[in-house]
Amino acid sequence: MKSVQGSLGTTASIALRFGQVIFSSSSIVFMSLGVGFYSYTAFCFSVTIMGLAIPWSFTLAILDGYSILAKFPVHQSGIFMVIITGDLVLSFLTLAAASSTASLVDLLLKADVSFCPPRLCSRYQISAAMAFLSWFLLLLSSLSNIWLLPWLDAD
């Protein structure tokens, strides 16, 4: 079996997963510091998707840790397909949430009437940046696992 850094059962995968947890958590924290975030659908969508990304990534980090400690790599094609599909779906949803948050913050900052105080909008911008970083790490995880698909059936 070929080993690709970042794929399931490697130390790079644990680092990617914990990075996803950290960036998703910080995105939620920065979004929740603003009292009025629930007034906008894009912000609620971002919090919801980041809330889904945290347990998904943490569970897969635990699976990676078990796989490394037990020296038993998980290479069943069914499990890989579930993980790849989950990563890709969550990656697209995270990209959508980050993009909608960033565009709404930009719209609120450029409006004639100030709907968002600059201090509050800067927190929303940081939240969107953290969501983009989480998306990038999710995409890296899914692409590194996709890279292993041709070798799964060969074993």
# chains A, B, ... in the order shown; residues from 1 in each chain; ligands from 1
$ residues_around --residues "segment 56-61 of chain A" --least-positions-apart "5" --cutoff "12 Å" --atoms "only C-alpha atoms" --output "PyMOL selection string"
chain A and resi 6-25+49-51+66-68+74+79-80+82-84+86-87+89-91+134-135+137-138+141-142
$ write_last_selection --atoms "C-alpha atoms" --output "CSV table (one decimal), in the first residue's frame"
chain,number,residue,atom,x,y,z
A,6,GLY,CA,-2.1,13.7,4.8
A,7,SER,CA,-4.1,10.6,4.1
A,8,LEU,CA,-5.9,8.6,6.7
A,9,GLY,CA,-3.6,7.0,9.3
A,10,THR,CA,-0.6,9.4,9.0
A,11,THR,CA,0.7,12.0,11.4
A,12,ALA,CA,0.2,14.7,8.8
A,13,SER,CA,-3.5,13.7,8.8
A,14,ILE,CA,-3.7,14.2,12.5
A,15,ALA,CA,-2.1,17.7,12.1
A,16,LEU,CA,-4.6,18.5,9.3
A,17,ARG,CA,-7.6,17.3,11.4
A,18,PHE,CA,-6.5,19.2,14.5
A,19,GLY,CA,-5.9,22.3,12.4
A,20,GLN,CA,-9.5,22.0,11.1
A,21,VAL,CA,-10.8,21.7,14.6
A,22,ILE,CA,-8.8,24.7,15.8
A,23,PHE,CA,-9.8,27.0,12.8
A,24,SER,CA,-13.4,25.9,12.9
A,25,SER,CA,-13.6,26.5,16.7
A,49,ILE,CA,-21.2,24.4,9.2
A,50,MET,CA,-18.3,25.1,11.5
A,51,GLY,CA,-20.3,23.3,14.2
A,66,TYR,CA,-5.7,4.9,16.8
A,67,SER,CA,-4.5,3.8,13.4
A,68,ILE,CA,-1.0,5.1,14.2
A,74,VAL,CA,-7.4,1.6,7.9
A,79,ILE,CA,-14.4,3.5,4.9
A,80,PHE,CA,-12.3,5.5,2.6
A,82,VAL,CA,-17.3,7.5,3.4
A,83,ILE,CA,-14.4,9.7,4.6
A,84,ILE,CA,-13.7,11.1,1.2
A,86,GLY,CA,-17.8,13.5,3.9
A,87,ASP,CA,-14.6,15.6,3.5
A,89,VAL,CA,-19.2,17.6,1.1
A,90,LEU,CA,-18.0,19.4,4.2
A,91,SER,CA,-15.3,21.2,2.2
A,134,SER,CA,-10.6,25.4,7.8
A,135,TRP,CA,-11.8,24.9,4.2
A,137,LEU,CA,-7.3,22.0,5.4
A,138,LEU,CA,-10.5,20.0,4.7
A,141,SER,CA,-7.4,16.1,3.6
A,142,SER,CA,-9.9,15.0,1.0
$ atom_distance --atom1 "atom CA of Arg119 of chain A" --atom2 "atom CA of Ser32 of chain A"
13.5 Å
$ atom_distance --atom1 "atom CA of Cys121 of chain A" --atom2 "atom CA of Val105 of chain A"
6.4 Å
$ residues_around --residues "Phe132 of chain A" --least-positions-apart "4" --cutoff "10 Å" --atoms "only C-alpha atoms" --output "count of residues only"
17
$ atom_distance --atom1 "atom CA of Thr101 of chain A" --atom2 "atom CA of Phe45 of chain A"
8.6 Å
$ closest_residue --among "A:Leu69, A:Leu88, A:Leu109, A:Val29" --to "Asn145 of chain A" --atoms "only C-alpha atoms"
A:Leu88
$ select_by_dssp --residues "segment 50-128 of chain A" --states "alpha helix (DSSP H)" --output "PyMOL selection string"
chain A and resi 50-69+77-110+118-128
$ closest_residue --among "A:Leu104, A:Leu148, A:Ala111, A:Leu133" --to "Phe37 of chain A" --atoms "only C-alpha atoms"
A:Leu104
$ closest_residue --among "A:Leu139, A:Leu63, A:Leu93, A:Gln125" --to "Leu108 of chain A" --atoms "only C-alpha atoms"
A:Gln125
